[in-house]
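K.L.:
The file below is run32.txt, compact mmCIF, C-alpha atoms:
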```
# COMPACT_ATOMS: atom_id res chain seq x y z
CA MET A 26 0.00 0.00 0.00
CA ASP A 27 2.80 2.37 0.93
CA LYS A 28 4.77 1.39 -2.15
CA ASN A 29 1.88 2.52 -4.37
CA LYS A 30 1.92 5.91 -2.69
CA LYS A 31 5.65 6.11 -3.21
CA ARG A 32 5.28 5.25 -6.88
CA LYS A 33 2.65 8.00 -7.29
CA ILE A 34 4.99 10.58 -5.78
CA ILE A 35 7.91 9.43 -7.94
CA ASP A 36 5.73 9.71 -11.05
CA LYS A 37 4.69 13.22 -10.03
CA LYS A 38 8.38 14.12 -9.65
CA SER A 39 9.13 12.63 -13.07
CA PHE A 40 6.41 14.76 -14.61
CA HIS A 41 7.88 17.86 -12.96
CA ASP A 42 11.30 16.88 -14.35
CA PHE A 43 9.76 16.46 -17.80
CA VAL A 44 8.12 19.89 -17.71
CA TYR A 45 11.34 21.41 -16.42
CA THR A 46 13.61 19.84 -19.05
CA THR A 47 11.17 20.55 -21.87
CA SER A 48 10.73 24.20 -20.96
CA LEU A 49 14.47 24.62 -20.42
CA ALA A 50 15.20 22.95 -23.76
CA PHE A 51 12.57 25.11 -25.44
CA THR A 52 14.06 28.31 -24.04
CA MET A 53 17.63 27.34 -24.91
CA GLN A 54 16.69 26.12 -28.36
CA THR A 55 14.71 29.27 -29.12
CA ILE A 56 17.57 31.51 -27.98
CA VAL A 57 20.14 29.57 -30.02
CA ALA A 58 17.89 29.35 -33.07
CA THR A 59 17.05 33.05 -32.88
CA ILE A 60 20.75 33.95 -32.73
CA VAL A 61 21.50 31.61 -35.66
CA MET A 62 18.62 33.04 -37.65
CA PHE A 63 19.66 36.58 -36.76
CA ILE A 64 23.24 35.99 -37.87
CA SER A 65 22.31 34.11 -41.02
CA SER A 66 19.45 36.41 -42.00
CA SER A 67 19.96 39.55 -43.99
CA SER A 68 19.84 42.90 -42.25
CA THR A 69 17.43 44.49 -44.69
CA ALA A 70 13.86 43.48 -45.24
CA SER A 71 14.17 43.53 -49.01
CA GLU A 72 17.12 41.17 -48.89
CA GLN A 73 15.14 38.95 -46.52
CA SER A 74 12.17 38.81 -48.86
CA ARG A 75 14.50 38.18 -51.81
CA ILE A 76 16.07 35.20 -49.99
CA SER A 77 12.64 33.93 -49.02
CA SER A 78 11.35 34.17 -52.56
CA ILE A 79 14.44 32.45 -54.00
CA TYR A 80 14.49 29.53 -51.61
CA GLU A 81 10.77 29.40 -50.88
CA THR A 82 11.47 29.25 -47.17
CA PRO A 83 9.63 30.96 -44.34
CA GLY A 84 10.75 34.44 -43.39
CA PHE A 85 12.50 35.45 -40.21
CA LEU A 86 10.48 34.18 -37.21
CA SER A 87 7.31 33.49 -39.16
CA LYS A 88 4.62 31.26 -37.67
CA SER A 89 5.97 28.17 -39.38
CA THR A 90 9.54 28.93 -38.20
CA LEU A 91 8.30 29.24 -34.65
CA LEU A 92 6.42 25.98 -35.06
CA GLN A 93 9.65 24.34 -36.24
CA PHE A 94 11.49 25.71 -33.18
CA PHE A 95 8.71 24.38 -31.02
CA ILE A 96 9.00 20.91 -32.57
CA VAL A 97 12.78 20.96 -32.04
CA ALA A 98 12.35 22.08 -28.43
CA LEU A 99 9.73 19.45 -27.72
CA LEU A 100 11.80 16.67 -29.28
CA THR A 101 14.89 17.88 -27.39
CA GLY A 102 12.90 17.83 -24.16
CA VAL A 103 11.68 14.30 -24.88
CA ILE A 104 15.21 13.06 -25.75
CA ARG A 105 16.68 14.70 -22.63
CA HIS A 106 13.95 13.26 -20.47
CA ILE A 107 14.51 9.77 -21.86
CA PHE A 108 18.27 9.88 -21.24
CA MET A 109 18.33 11.87 -18.00
CA SER A 110 15.67 9.99 -16.09
CA ASP A 111 15.20 6.31 -15.31
CA LEU A 112 11.63 6.24 -16.51
CA ILE A 113 12.28 4.50 -19.84
CA LEU A 114 15.98 3.66 -20.07
CA LYS A 115 17.97 2.49 -17.06
CA ILE A 116 21.50 3.47 -18.05
CA LYS A 117 23.90 3.41 -15.09
CA SER A 118 26.76 5.46 -16.51
CA ILE A 119 26.32 9.24 -16.67
CA ALA A 120 28.97 9.49 -19.40
CA LEU A 121 27.07 7.02 -21.58
CA ARG A 122 23.77 8.78 -20.91
CA ILE A 123 25.13 12.17 -21.95
CA THR A 124 26.94 10.79 -25.00
CA LEU A 125 23.85 8.97 -26.24
CA MET A 126 21.74 12.04 -25.54
CA PHE A 127 24.05 14.22 -27.66
CA VAL A 128 24.10 11.64 -30.47
CA PHE A 129 20.32 11.48 -30.61
CA GLU A 130 19.98 15.27 -30.38
CA ALA A 131 22.49 15.70 -33.21
CA ILE A 132 20.63 13.16 -35.36
CA MET A 133 17.32 14.88 -34.62
CA LEU A 134 18.74 18.32 -35.44
CA ALA A 135 20.34 17.01 -38.63
CA VAL A 136 17.01 15.56 -39.79
CA ILE A 137 15.21 18.82 -38.99
CA VAL A 138 17.85 20.99 -40.67
CA TRP A 139 17.60 18.82 -43.77
CA ARG A 140 13.79 18.40 -43.72
CA PHE A 141 12.92 22.05 -43.03
CA ASN A 142 15.78 23.38 -45.15
CA TRP A 143 17.06 25.71 -42.41
CA PHE A 144 20.37 26.36 -44.12
CA HIS A 145 19.98 26.65 -47.84
CA SER A 146 23.40 25.64 -49.07
CA VAL A 147 24.12 22.53 -46.97
CA ARG A 148 25.50 19.77 -49.14
CA ILE A 149 26.43 16.15 -48.42
CA GLY A 150 30.08 17.18 -47.98
CA HIS A 151 29.11 19.40 -45.06
CA TRP A 152 27.39 16.49 -43.32
CA ILE A 153 30.39 14.21 -43.88
CA GLY A 154 32.69 16.94 -42.52
CA PHE A 155 30.42 17.42 -39.53
CA VAL A 156 30.37 13.71 -38.68
CA ILE A 157 34.15 13.29 -39.19
CA GLY A 158 34.84 16.38 -37.07
CA ALA A 159 32.38 15.55 -34.31
CA LEU A 160 33.05 11.83 -33.97
CA PRO A 161 36.58 11.96 -32.43
CA CYS A 162 35.44 14.72 -30.02
CA LEU A 163 32.50 12.58 -28.98
CA ILE A 164 34.65 9.46 -28.46
CA VAL A 165 37.40 11.31 -26.56
CA GLY A 166 34.79 13.17 -24.46
CA PHE A 167 33.05 9.91 -23.61
CA ILE A 168 36.27 8.12 -22.62
CA MET A 169 37.39 11.01 -20.41
CA ALA A 170 34.00 11.37 -18.73
CA TYR A 171 33.71 7.60 -18.22
CA LYS A 172 37.18 7.34 -16.67
CA SER A 173 36.59 10.19 -14.23
CA GLU A 174 33.17 8.78 -13.36
CA CYS A 175 34.66 5.33 -12.60
CA LYS A 176 37.38 6.93 -10.48
CA GLU A 177 34.88 8.97 -8.47
CA ASN A 178 32.66 5.93 -7.85
CA GLU A 179 35.64 3.85 -6.80
CA GLU A 180 36.82 6.55 -4.35
CA MET A 181 33.35 6.92 -2.87
CA ASN A 182 32.88 3.19 -2.35
CA GLU A 183 36.34 2.80 -0.83
CA ALA A 184 35.59 5.65 1.60
CA LEU A 185 32.25 4.04 2.42
CA ARG A 186 33.86 0.67 3.23
CA ARG A 187 36.47 2.43 5.37
CA LYS A 188 33.81 4.34 7.28
CA GLN A 189 31.71 1.21 7.77
CA GLN A 190 34.76 -0.65 9.12
CA GLU A 191 35.56 2.26 11.49
CA ASP A 192 31.99 2.29 12.81
CA LYS A 193 32.10 -1.46 13.45
CA MET B 27 41.60 -0.82 26.32
CA LYS B 28 41.16 -4.14 28.08
CA ILE B 29 38.17 -6.30 27.17
CA SER B 30 37.07 -9.14 29.39
CA ILE B 31 34.17 -11.46 28.69
CA ASN B 32 32.62 -13.64 31.39
CA ILE B 33 30.34 -16.34 30.09
CA ASN B 34 27.97 -17.45 32.82
CA PRO B 35 24.96 -19.60 31.85
CA ASP B 36 23.26 -18.68 35.15
CA ASN B 37 22.97 -14.99 34.16
CA PRO B 38 19.42 -14.29 32.91
CA GLU B 39 20.48 -11.43 30.59
CA THR B 40 23.60 -9.93 29.02
CA GLU B 41 25.20 -7.28 31.23
CA ILE B 42 27.86 -4.80 30.16
CA SER B 43 29.81 -2.78 32.73
CA VAL B 44 32.43 -0.18 31.84
CA THR B 45 35.29 0.62 34.21
CA CYS B 46 37.30 3.69 33.31
CA PRO B 47 39.39 6.42 35.00
CA ALA B 48 37.38 9.22 33.35
CA LEU B 49 34.45 9.73 30.99
CA THR B 50 36.46 10.45 27.85
CA PRO B 51 34.86 10.99 24.39
CA GLU B 52 35.98 7.46 23.42
CA VAL B 53 34.19 5.97 26.40
CA GLU B 54 31.09 8.03 25.64
CA LYS B 55 31.16 6.76 22.04
CA LEU B 56 31.47 3.20 23.29
CA ILE B 57 28.50 3.66 25.62
CA SER B 58 26.38 5.25 22.91
CA MET B 59 27.22 2.35 20.57
CA VAL B 60 26.12 -0.15 23.21
CA ARG B 61 22.96 1.88 23.82
CA VAL B 62 22.22 1.96 20.10
CA MET B 63 22.54 -1.81 19.92
CA ASP B 64 20.02 -2.10 22.71
CA SER B 65 17.69 0.65 21.60
CA LYS B 66 14.37 0.12 19.92
CA LEU B 67 11.99 2.24 17.96
CA THR B 68 8.26 2.07 18.46
CA VAL B 69 6.51 1.65 15.13
CA LYS B 70 3.13 0.57 13.82
CA LYS B 71 2.03 -1.77 11.08
CA ASP B 72 -1.58 -2.65 10.25
CA GLY B 73 -2.73 -1.27 13.61
CA GLU B 74 -0.23 -3.36 15.62
CA VAL B 75 2.60 -1.80 17.62
CA PHE B 76 6.11 -3.22 17.21
CA LEU B 77 9.42 -2.54 18.95
CA LEU B 78 11.92 -2.43 16.12
CA ASP B 79 15.66 -2.90 16.57
CA ILE B 80 17.30 0.28 15.34
CA GLY B 81 20.07 -1.77 13.77
CA ASP B 82 17.50 -3.39 11.46
CA ILE B 83 16.28 -0.11 10.01
CA LEU B 84 17.55 0.59 6.50
CA TYR B 85 16.02 4.01 6.02
CA LEU B 86 13.19 6.32 7.05
CA GLU B 87 11.10 8.37 4.71
CA ALA B 88 8.62 11.17 5.26
CA MET B 89 5.72 11.10 2.85
CA GLU B 90 2.46 13.02 2.93
CA ARG B 91 2.99 14.06 6.57
CA LYS B 92 3.68 10.48 7.66
CA CYS B 93 6.95 8.85 8.50
CA PHE B 94 7.66 5.39 7.14
CA VAL B 95 10.35 3.08 8.49
CA TYR B 96 11.87 0.60 6.05
CA THR B 97 13.55 -2.65 7.07
CA ASP B 98 14.78 -5.43 4.81
CA GLY B 99 11.38 -6.97 4.31
CA ALA B 100 8.76 -4.66 5.79
CA VAL B 101 7.50 -1.09 5.95
CA TYR B 102 6.30 0.37 9.25
CA GLU B 103 4.85 3.73 10.23
CA SER B 104 6.20 5.92 12.99
CA GLU B 105 4.24 8.48 14.97
CA SER B 106 7.30 10.74 15.28
CA LYS B 107 8.30 13.42 12.82
CA LEU B 108 11.35 12.91 10.65
CA TYR B 109 13.32 15.72 12.33
CA GLU B 110 12.59 14.19 15.75
CA LEU B 111 13.82 10.81 14.55
CA GLU B 112 16.86 12.49 13.02
CA GLN B 113 17.84 13.87 16.44
CA GLN B 114 17.04 10.59 18.17
CA LEU B 115 18.98 8.44 15.72
CA ALA B 116 21.92 10.72 14.94
CA ALA B 117 24.21 8.78 17.28
CA SER B 118 23.17 5.50 15.64
CA GLY B 119 24.72 6.32 12.28
CA PHE B 120 21.61 7.75 10.64
CA PHE B 121 21.94 10.82 8.51
CA ARG B 122 19.82 12.82 6.11
CA VAL B 123 20.26 12.31 2.37
CA SER B 124 17.32 14.37 1.17
CA LYS B 125 14.59 16.56 2.60
CA SER B 126 12.46 13.48 3.20
CA THR B 127 14.93 10.63 3.79
CA LEU B 128 17.18 9.46 6.60
CA LEU B 129 19.31 6.37 6.18
CA GLN B 130 21.68 4.20 8.15
CA LEU B 131 25.26 4.21 6.90
CA LYS B 132 25.95 0.59 7.78
CA HIS B 133 23.18 -0.59 5.45
CA ILE B 134 24.57 1.13 2.36
CA LYS B 135 25.74 -1.39 -0.20
CA SER B 136 27.22 0.95 -2.77
CA LEU B 137 27.35 4.55 -3.95
CA ARG B 138 27.31 5.93 -7.45
CA ALA B 139 27.71 9.49 -8.67
CA ASP B 140 24.57 10.64 -10.43
CA LEU B 141 23.60 13.54 -12.65
CA ASN B 142 23.44 17.03 -11.23
CA HIS B 143 25.96 16.31 -8.44
CA ARG B 144 23.62 13.86 -6.74
CA ILE B 145 24.54 10.43 -5.36
CA ARG B 146 22.63 7.25 -6.10
CA ILE B 147 22.69 5.04 -3.01
CA THR B 148 22.02 1.31 -3.22
CA MET B 149 20.89 -0.17 0.08
CA ASP B 150 21.51 -3.73 1.30
CA ASN B 151 18.08 -4.83 0.08
CA GLY B 152 18.77 -3.46 -3.42
CA GLU B 153 16.55 -0.38 -3.11
CA GLN B 154 17.97 2.80 -4.58
CA ILE B 155 17.80 6.17 -2.87
CA ILE B 156 18.96 9.47 -4.31
CA ALA B 157 20.99 11.80 -2.12
CA SER B 158 19.98 15.27 -3.26
CA ARG B 159 22.62 17.78 -4.35
CA MET B 160 22.29 19.67 -1.07
CA TYR B 161 22.91 16.59 1.10
CA ALA B 162 25.33 14.80 -1.26
CA ASP B 163 28.09 17.15 -0.10
CA ASP B 164 27.33 16.25 3.54
CA LEU B 165 27.63 12.58 2.63
CA ARG B 166 30.96 13.15 0.87
CA GLU B 167 32.17 15.06 3.93
CA ARG B 168 31.01 12.27 6.24
CA LEU B 169 33.01 9.80 4.16
CA GLY B 170 36.07 12.01 4.37
CA LEU B 171 36.09 12.91 0.68
CA LYS B 172 35.94 16.68 1.22
```
Here is a file; write its structure as structure tokens.

P.N.:
Amino acid sequence: MDKNKKRKIIDKKSFHDFVYTTSLAFTMQTIVATIVMFISSSSTASEQSRISSIYETPGFLSKSTLLQFFIVALLTGVIRHIFMSDLILKIKSIALRITLMFVFEAIMLAVIVWRFNWFHSVRIGHWIGFVIGALPCLIVGFIMAYKSECKENEEMNEALRRKQQEDK
Amino acid sequence: MKISININPDNPETEISVTCPALTPEVEKLISMVRVMDSKLTVKKDGEVFLLDIGDILYLEAMERKCFVYTDGAVYESESKLYELEQQLAASGFFRVSKSTLLQLKHIKSLRADLNHRIRITMDNGEQIIASRMYADDLRERLGLK
């Protein structure tokens, strides 16, 4: 009976976490996307409309652009929630969680960039360059994070055993 | 420190006497440890009152204004508030790991660093408890890691 109550409370906490990560992801994504759009967009309205007419893409922060940002934010929130909580996947290592989360976020962003044609002149070579450039960083980052995580856990458990022996 | 044990089958119960020149902190610790071993906590389960050995308690959790006491195989309810139990059990190796949880150090099986500077604690019975960021530092300090 008490376990059911506990489960209910944990679920409530998970929902709070979900709302928190989604809204945080939405805010961050919107800020980043706005900056990217601001930098990549032309400073004059005529230039903007010329680009829009050439590439048949939505204008700066139009309704459809905002909808795209919202989709990205929502998907980011979902991905983060999946990898940062134990609700669906039970991954023990933090390093692995974060690495997988970044991989999935990158895949999602790549699909959205390609599908919604965010950057007009992206070619296959850019994607290959991106993957080749990002892959070693991802592997090295994962190894370093995993090593430091293992070391910290080992130190903590050693200290725990020592303390338990002292108390005995 | 000299330890002598007299085994006498005629004695009805175990008796411990301490002889010392002065009440030093070490002696006080020894006495509190003996007291802890002998101390019990009054708890309830399904309307029945039980006297629970403190050593058997894995952790205590406050939930919806009630305080639950967890042992290896059962969950009991205590009438006391969590902060009252914290004071009562501090000398028995209990400490706070989150706003709503107290646990006994000797029943921790393993520790694992978690996201956001928290610590995931696995108890002897396999249950996992999260030490919140605020209390994770206290735990690290208690283990001599800070």

K.L.:
Show me the residues around (23.6, 7.4, -11.1) - criterion: an atom at most 10 Å away, all atoms listed in the file counted - as a PyMOL selection string.

P.N.:
(chain A and resi 109-111+115-119+122+174+178) or (chain B and resi 137-147+154+156)

K.L.:
Determine, for each residue of chain B having at least one atom at most 9 Å from an atom of chain A, the closest pair of atoms and their separation in Å to one decimal, counting all atoms listed in the file; order by chain and ascending number, as a tab-separated table.

P.N.:
```
residue	atom	partner	partner_atom	distance
B:Met89	CA	A:Lys31	CA	7.9
B:Phe94	CA	A:Asp27	CA	8.4
B:Val101	CA	A:Asp27	CA	7.7
B:Gly119	CA	A:Asp192	CA	8.3
B:Leu131	CA	A:Gln189	CA	7.2
B:Lys132	CA	A:Gln189	CA	5.8
B:Ile134	CA	A:Leu185	CA	8.2
B:Lys135	CA	A:Asn182	CA	8.8
B:Ser136	CA	A:Asn182	CA	6.1
B:Leu137	CA	A:Asn182	CA	5.9
B:Arg138	CA	A:Asn178	CA	5.4
B:Ala139	CA	A:Asn178	CA	6.2
B:Asp140	CA	A:Ile119	CA	6.6
B:Leu141	CA	A:Ile119	CA	6.5
B:Arg166	CA	A:Met181	CA	7.6
B:Arg168	CA	A:Lys188	CA	8.5
B:Leu169	CA	A:Ala184	CA	5.5
B:Gly170	CA	A:Ala184	CA	7.0
B:Leu171	CA	A:Ala184	CA	7.3
```

K.L.:
Give me the residues near Val44 in chain B as a list of chain:residue names, where near means some atom within 10 Å (using only C-alpha atoms) and where sequence neighbours in that chain fewer than 3 positions away do not count.

P.N.:
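My list of contacting residues is B:Ile29, B:Val53, B:Leu56, B:Ile57.
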
K.L.:
Enter the distance from CA of Leu78 in chain B to CA of Lys66 in chain B, in Å, rounded to one decimal.

P.N.:
5.2 Å

K.L.:
Kindly give the distance, in Å, that separates CA of Leu92 in chain A and CA of Leu134 in chain A, rounded to a single decimal.

P.N.:
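Separation of CA of Leu92 in chain A and CA of Leu134 in chain A: 14.5 Å.
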
K.L.:
Skipping near chain neighbours, those fewer than 2 positions away, what residues fall within 12 Å of Ile104 in chain A using all atoms listed in the file, listed as an MDAnalysis selection string?

P.N.:
chainID A and resid 43 46:47 50 97:102 106:110 113:114 122:134

K.L.:
Taking into account all atoms listed in the file, which residue in the set A:Trp143, A:Arg148, A:Leu121, A:Val165 is nearest to Phe94 in chain A?

P.N.:
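Of all the options, A:Trp143 lies closest to Phe94 in chain A.
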
K.L.:
What gap, in Å, lies between CA of Ala157 in chain B and CA of Ala88 in chain B?

P.N.:
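For CA of Ala157 in chain B relative to CA of Ala88 in chain B, the distance reads 14.4 Å.
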
K.L.:
With 4 Å added on each side, what axis-aligned box encloses every listed atom of range 127-141 of chain A? Give the centre and edge lengths in Å to one decimal, as lines of an AutoDock Vina configuration file.

P.N.:
```
center_x = 18.5
center_y = 16.8
center_z = -35.7
size_x = 19.2
size_y = 18.6
size_z = 24.1
```

K.L.:
Select, from B:Val75, B:Ile31, B:Leu128, B:Leu165, the residue with the minimum atom-to-atom distance to Gln113 in chain B, counting only C-alpha atoms.

P.N.:
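Nearest to Gln113 in chain B: B:Leu128.
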